file start-v4.txt (compact mmCIF, C-alpha atoms)
# COMPACT_ATOMS: atom_id res chain seq x y z
CA MET S 1 -35.78 -118.04 -106.53
CA ASN S 2 -35.63 -120.77 -109.18
CA GLN S 3 -38.69 -120.92 -111.41
CA LEU S 4 -40.03 -124.45 -111.81
CA PRO S 5 -40.70 -125.79 -115.30
CA ASP S 6 -44.21 -125.88 -116.63
CA PRO S 7 -46.08 -129.24 -116.52
CA GLU S 8 -44.96 -130.15 -120.05
CA HIS S 9 -41.30 -129.83 -119.08
CA LEU S 10 -41.86 -131.77 -115.87
CA GLU S 11 -43.30 -134.58 -117.97
CA GLN S 12 -40.17 -134.56 -120.13
CA LEU S 13 -37.82 -134.57 -117.13
CA ALA S 14 -39.62 -137.36 -115.27
CA TYR S 15 -38.42 -140.93 -115.58
CA LYS S 16 -40.73 -143.52 -117.08
CA SER S 17 -41.39 -145.07 -113.68
CA GLU S 18 -42.25 -141.66 -112.23
CA ARG S 19 -44.71 -140.94 -115.01
CA ALA S 20 -46.36 -144.30 -114.38
CA ALA S 21 -46.53 -143.55 -110.65
CA GLY S 22 -48.10 -140.19 -111.44
CA ARG S 23 -50.83 -141.80 -113.50
CA ARG S 24 -51.60 -144.26 -110.71
CA LEU S 25 -51.72 -141.45 -108.15
CA ALA S 26 -54.04 -139.38 -110.34
CA LEU S 27 -56.47 -142.28 -110.60
CA ALA S 28 -56.29 -143.09 -106.90
CA ARG S 29 -56.80 -139.53 -105.63
CA GLY S 30 -58.75 -137.90 -108.42
CA LEU S 31 -55.94 -135.47 -109.24
CA SER S 32 -55.03 -134.05 -112.60
CA GLY S 33 -52.08 -135.70 -114.30
CA ASP S 34 -49.93 -132.60 -113.81
CA GLN S 35 -50.71 -132.36 -110.08
CA ALA S 36 -50.04 -136.04 -109.53
CA LEU S 37 -46.71 -135.99 -111.38
CA ARG S 38 -45.58 -132.93 -109.44
CA GLN S 39 -46.30 -134.72 -106.17
CA VAL S 40 -44.37 -137.79 -107.34
CA LEU S 41 -41.39 -135.64 -108.28
CA GLU S 42 -41.55 -133.67 -105.03
CA GLN S 43 -41.44 -136.97 -103.15
CA ALA S 44 -38.45 -138.09 -105.24
CA ALA S 45 -36.68 -134.80 -104.54
CA GLY S 46 -37.12 -135.13 -100.77
CA GLN S 47 -35.63 -132.40 -98.60
CA ALA S 48 -33.52 -131.06 -101.49
CA GLY S 49 -36.69 -129.75 -103.09
CA LEU S 50 -38.21 -130.01 -106.53
CA ALA S 51 -36.13 -127.12 -107.92
CA THR S 52 -32.91 -128.97 -107.07
CA LEU S 53 -34.18 -132.17 -108.68
CA VAL S 54 -35.15 -130.25 -111.81
CA SER S 55 -31.73 -128.61 -112.00
CA ALA S 56 -30.03 -131.99 -111.65
CA ARG S 57 -32.23 -133.54 -114.35
CA LEU S 58 -31.55 -130.62 -116.70
CA ALA S 59 -27.80 -131.04 -116.13
CA GLN S 60 -28.10 -134.78 -116.84
CA ARG S 61 -29.99 -134.06 -120.04
CA ALA S 62 -27.42 -131.49 -121.17
CA ALA S 63 -24.60 -133.97 -120.51
CA GLN S 64 -26.43 -136.70 -122.42
CA ASP S 65 -27.07 -134.35 -125.34
CA GLU S 66 -23.37 -133.51 -125.38
CA ARG S 67 -22.44 -137.21 -125.41
CA ASP S 68 -24.95 -137.91 -128.18
CA ALA S 69 -23.54 -135.05 -130.26
CA ALA S 70 -20.00 -136.32 -129.73
CA ARG S 71 -21.03 -139.83 -130.82
CA ALA S 72 -22.75 -138.43 -133.90
CA LEU S 73 -19.63 -136.49 -134.84
CA GLN S 74 -17.49 -139.58 -134.31
CA ARG S 75 -19.81 -141.69 -136.47
CA ALA S 76 -19.69 -139.06 -139.22
CA ALA S 77 -15.90 -138.91 -139.00
CA ASP S 78 -15.64 -142.70 -139.12
CA LYS S 79 -17.96 -142.84 -142.13
CA ALA S 80 -15.95 -140.19 -143.96
CA ARG S 81 -12.69 -141.93 -143.09
CA ARG S 82 -13.95 -145.26 -144.36
CA ALA S 83 -15.45 -143.75 -147.50
CA GLY S 84 -12.16 -142.17 -148.42
CA ALA S 85 -9.83 -144.72 -146.90
CA HIS S 86 -8.63 -146.02 -150.25
CA ASP S 87 -7.92 -142.56 -151.62
CA GLY S 88 -4.78 -140.55 -151.14
CA ARG S 89 -1.40 -139.93 -152.70
CA PRO S 90 0.13 -143.10 -154.21
CA THR S 91 3.28 -144.24 -152.49
CA ALA S 92 6.39 -145.87 -153.98
CA TRP S 93 5.45 -149.25 -152.50
CA ARG S 94 1.92 -150.60 -152.34
CA ALA S 95 0.48 -153.84 -151.02
CA TRP S 96 -2.84 -155.67 -150.80
CA PHE S 97 -3.69 -158.46 -148.36
CA ASP S 98 -6.53 -160.87 -147.69
CA GLY S 99 -7.18 -163.89 -145.48
CA SER S 100 -9.89 -166.53 -145.48
CA ALA S 101 -11.03 -169.36 -143.22
CA ARG S 102 -13.01 -172.42 -144.37
CA PRO S 103 -15.26 -172.80 -142.45
CA ASN S 104 -15.02 -169.88 -140.05
CA PRO S 105 -13.19 -170.80 -137.89
CA GLY S 106 -11.40 -173.38 -139.96
CA GLN S 107 -8.39 -173.90 -142.18
CA CYS S 108 -6.93 -170.55 -143.14
CA GLY S 109 -5.29 -169.29 -146.28
CA ILE S 110 -3.61 -165.95 -146.87
CA GLY S 111 -2.92 -163.98 -150.02
CA ALA S 112 -1.02 -160.76 -150.61
CA VAL S 113 0.58 -158.73 -153.35
CA LEU S 114 3.51 -156.35 -152.89
CA ARG S 115 4.34 -153.91 -155.70
CA GLY S 116 7.54 -151.91 -155.80
CA PRO S 117 8.40 -148.60 -157.46
CA ASP S 118 9.66 -150.44 -160.55
CA GLY S 119 6.25 -152.07 -161.04
CA ALA S 120 7.46 -155.57 -160.16
CA ALA S 121 5.03 -157.58 -158.06
CA VAL S 122 5.61 -160.17 -155.36
CA GLU S 123 2.69 -162.56 -154.91
CA LEU S 124 2.25 -164.41 -151.63
CA ALA S 125 -0.19 -167.28 -151.09
CA ARG S 126 0.03 -169.97 -148.44
CA PRO S 127 -2.03 -171.99 -145.96
CA VAL S 128 -1.45 -170.83 -142.38
CA GLY S 129 -3.21 -173.41 -140.24
CA TYR S 130 -6.38 -173.19 -138.19
CA GLY S 131 -8.09 -169.97 -137.10
CA ASN S 132 -10.92 -167.54 -137.75
CA SER S 133 -11.21 -165.04 -140.57
CA SER S 134 -9.84 -162.10 -138.56
CA GLU S 135 -6.79 -164.14 -137.58
CA ALA S 136 -6.29 -165.11 -141.23
CA GLU S 137 -6.51 -161.45 -142.26
CA TYR S 138 -3.96 -160.47 -139.63
CA ARG S 139 -1.61 -163.24 -140.71
CA ALA S 140 -1.86 -162.02 -144.29
CA LEU S 141 -1.02 -158.49 -143.20
CA ILE S 142 1.97 -159.73 -141.22
CA VAL S 143 3.29 -161.75 -144.17
CA VAL S 144 3.10 -158.83 -146.58
CA LEU S 145 4.73 -156.47 -144.07
CA GLU S 146 7.54 -158.99 -143.59
CA ALA S 147 7.99 -159.05 -147.37
CA ALA S 148 8.02 -155.25 -147.50
CA VAL S 149 10.70 -155.08 -144.81
CA ALA S 150 12.76 -157.74 -146.61
CA HIS S 151 12.59 -155.73 -149.85
CA GLY S 152 13.56 -152.48 -148.15
CA ALA S 153 10.24 -150.69 -148.63
CA ASP S 154 10.50 -147.26 -147.03
CA GLU S 155 7.19 -145.72 -148.09
CA LEU S 156 4.31 -148.19 -148.17
CA THR S 157 0.54 -148.11 -148.41
CA VAL S 158 -1.22 -151.35 -147.52
CA TYR S 159 -4.81 -152.00 -148.60
CA GLY S 160 -7.19 -154.57 -147.12
CA ASP S 161 -10.93 -155.22 -147.05
CA SER S 162 -11.09 -156.32 -143.39
CA ARG S 163 -12.50 -153.48 -141.33
CA VAL S 164 -11.90 -155.54 -138.20
CA VAL S 165 -8.14 -155.67 -138.81
CA ILE S 166 -7.78 -152.17 -140.30
CA ASP S 167 -9.66 -150.57 -137.40
CA ASP S 168 -7.86 -152.73 -134.85
CA VAL S 169 -4.43 -151.63 -136.10
CA ASN S 170 -5.32 -147.98 -136.68
CA GLY S 171 -7.50 -147.52 -133.59
CA PRO S 172 -6.48 -146.52 -130.06
CA ASP S 173 -5.04 -149.15 -127.73
CA ALA S 174 -8.05 -148.92 -125.42
CA PHE S 175 -10.35 -150.29 -128.12
CA ALA S 176 -8.06 -153.00 -129.51
CA ALA S 177 -9.43 -156.56 -129.55
CA PRO S 178 -7.79 -158.61 -126.74
CA SER S 179 -8.04 -161.82 -128.76
CA LEU S 180 -5.97 -160.24 -131.54
CA ALA S 181 -3.42 -158.52 -129.32
CA ALA S 182 -0.47 -160.73 -130.32
CA TYR S 183 -1.10 -160.13 -134.03
CA ARG S 184 -1.47 -156.40 -133.47
CA ALA S 185 1.81 -156.28 -131.56
CA THR S 186 3.59 -158.06 -134.42
CA VAL S 187 2.16 -155.62 -136.95
CA ARG S 188 3.24 -152.66 -134.82
CA THR S 189 6.78 -154.10 -134.57
CA LEU S 190 7.02 -154.54 -138.33
CA ALA S 191 5.49 -151.11 -138.96
CA ALA S 192 8.24 -149.53 -136.88
CA ARG S 193 10.76 -150.82 -139.43
CA ILE S 194 9.09 -148.97 -142.31
CA ALA S 195 9.72 -145.25 -142.46
CA SER S 196 6.25 -144.34 -143.75
CA LEU S 197 3.37 -146.79 -143.55
CA SER S 198 -0.33 -146.24 -144.17
CA LEU S 199 -2.97 -148.93 -143.70
CA ARG S 200 -6.21 -148.32 -145.58
CA TRP S 201 -9.54 -150.09 -146.01
CA VAL S 202 -10.83 -150.83 -149.52
CA PRO S 203 -14.03 -152.57 -150.61
CA ARG S 204 -13.63 -156.21 -151.62
CA HIS S 205 -13.96 -155.47 -155.33
CA LYS S 206 -10.75 -153.44 -155.08
CA ASN S 207 -8.90 -156.30 -153.41
CA LEU S 208 -9.62 -159.11 -155.86
CA GLU S 209 -6.04 -160.16 -156.55
CA ALA S 210 -5.21 -160.76 -152.89
CA ASP S 211 -8.61 -162.37 -152.37
CA ALA S 212 -7.99 -164.86 -155.19
CA LEU S 213 -4.59 -165.75 -153.73
CA SER S 214 -6.05 -166.34 -150.26
CA GLN S 215 -8.84 -168.50 -151.67
CA ARG S 216 -6.30 -170.56 -153.59
CA ALA S 217 -4.26 -171.03 -150.43
CA ALA S 218 -7.32 -172.05 -148.42
CA GLU S 219 -8.30 -174.58 -151.07
CA SER S 220 -4.87 -176.20 -150.85
CA HIS S 221 -5.81 -177.46 -147.37
CA HIS S 222 -8.45 -179.68 -148.97
CA ALA S 223 -6.47 -180.76 -152.03
call {"tool": "encode", "arguments": {"input": "start-v4.txt", "output": "structure tokens"}}
result
Amino acid sequence: MNQLPDPEHLEQLAYKSERAAGRRLALARGLSGDQALRQVLEQAAGQAGLATLVSARLAQRAAQDERDAARALQRAADKARRAGAHDGRPTAWRAWFDGSARPNPGQCGIGAVLRGPDGAAVELARPVGYGNSSEAEYRALIVVLEAAVAHGADELTVYGDSRVVIDDVNGPDAFAAPSLAAYRATVRTLAARIASLSLRWVPRHKNLEADALSQRAAESHHA
């Protein structure tokens, strides 16, 4: 025979509405709070019985605890990934990108820098029409990847300060932003032409060169 939880555990397993109903019942019939709540839960359980309801609620709680723990682990993993996203072994080719919109949405400018194994740098800065900041960032990434492909980069690390774009490209398809799908597809196509590509987030202060180029490009709209 299943042993029912003590009154304290019944209180924890009851829904908010059931606890409120128990308080009303206690006042109406002069019952103790524990007696009233048990009657409310017995009524909610119906023919299945209170023990069955308790078992179901305990299973729900265990499942919720498991989901909460999984979310906490995912958040910790995401935080660690972002904290160390700009670390790692340097590759032969490196690039930085940035995009801006004035206002947002507004006229967009993109800036990027591509550095090869010989230390030579290719700077890219241009206005790219109307859009929002995420679209500008994606356009900047596409432009620098096109440059990398054109220069024959086979091992490339790309750095950017847009978590929206970095996470959209690196994340699973199920969580990709529908409004950015065309840009993401273009990036994936270009990435397939580079033997080894890593896309990493960096804080803005580590992306100043690309940022300055994008700002210059955005300003050219208003010149």
call {"tool": "atom_distance", "arguments": {"input": "start-v4.txt", "atom1": "CA of Asp154 in chain S", "atom2": "CA of Gly99 in chain S"}}
result
24.3 Å
call {"tool": "closest_residue", "arguments": {"input": "start-v4.txt", "among": "S:Arg94, S:Asp168, S:Ala174, S:Gly119", "to": "Leu145 in chain S", "atoms": "all atoms listed in the file"}}
result
S:Arg94
call {"tool": "closest_residue", "arguments": {"input": "start-v4.txt", "among": "S:Leu190, S:Ala217, S:Val128, S:Asp98", "to": "Gly160 in chain S", "atoms": "only C-alpha atoms"}}
result
S:Asp98
call {"tool": "residues_around", "arguments": {"input": "start-v4.txt", "residues": "Arg184 in chain S", "least_positions_apart": "4", "cutoff": "9 Å", "atoms": "all atoms listed in the file", "output": "PDB file with C-alpha atoms, keeping the file's coordinate frame"}}
result
ATOM      1  CA  TYR S 138      -3.960-160.470-139.630  1.00  0.00           C
ATOM      2  CA  VAL S 165      -8.140-155.670-138.810  1.00  0.00           C
ATOM      3  CA  ASP S 168      -7.860-152.730-134.850  1.00  0.00           C
ATOM      4  CA  VAL S 169      -4.430-151.630-136.100  1.00  0.00           C
ATOM      5  CA  ALA S 176      -8.060-153.000-129.510  1.00  0.00           C
ATOM      6  CA  ALA S 177      -9.430-156.560-129.550  1.00  0.00           C
ATOM      7  CA  LEU S 180      -5.970-160.240-131.540  1.00  0.00           C
ATOM      8  CA  ARG S 188       3.240-152.660-134.820  1.00  0.00           C
ATOM      9  CA  THR S 189       6.780-154.100-134.570  1.00  0.00           C
TER      10      THR S 189
END
call {"tool": "closest_residue", "arguments": {"input": "start-v4.txt", "among": "S:Asp34, S:Asp65, S:Asp161, S:Asp173", "to": "Ser134 in chain S", "atoms": "only C-alpha atoms"}}
result
S:Asp161
call {"tool": "axis_aligned_box", "arguments": {"input": "start-v4.txt", "around": "range 160-171 of chain S", "padding_each_side": "4 Å", "output": "JSON"}}
result
{"center_x": -8.5, "center_y": -151.9, "center_z": -140.4, "size_x": 16.1, "size_y": 16.8, "size_z": 21.5}
call {"tool": "residues_around", "arguments": {"input": "start-v4.txt", "residues": "Ala92 in chain S", "least_positions_apart": "6", "cutoff": "7 Å", "atoms": "only C-alpha atoms", "output": "list in words"}}
result
Gly116, Pro117, Glu155 and Leu156 of chain S
call {"tool": "closest_residue", "arguments": {"input": "start-v4.txt", "among": "S:Ala181, S:Ala20, S:Ala62, S:Ala112", "to": "Leu141 in chain S", "atoms": "all atoms listed in the file"}}
result
S:Ala112
call {"tool": "atom_distance", "arguments": {"input": "start-v4.txt", "atom1": "CA of Gln39 in chain S", "atom2": "CA of Arg23 in chain S"}}
result
11.2 Å
call {"tool": "atom_distance", "arguments": {"input": "start-v4.txt", "atom1": "CA of Ala21 in chain S", "atom2": "CA of Ala36 in chain S"}}
result
8.4 Å
call {"tool": "closest_residue", "arguments": {"input": "start-v4.txt", "among": "S:Glu66, S:Glu146, S:Arg102, S:Leu53", "to": "Pro127 in chain S", "atoms": "all atoms listed in the file"}}
result
S:Arg102
call {"tool": "closest_residue", "arguments": {"input": "start-v4.txt", "among": "S:Arg38, S:Arg200, S:Arg67, S:Arg163", "to": "Gly22 in chain S", "atoms": "all atoms listed in the file"}}
result
S:Arg38
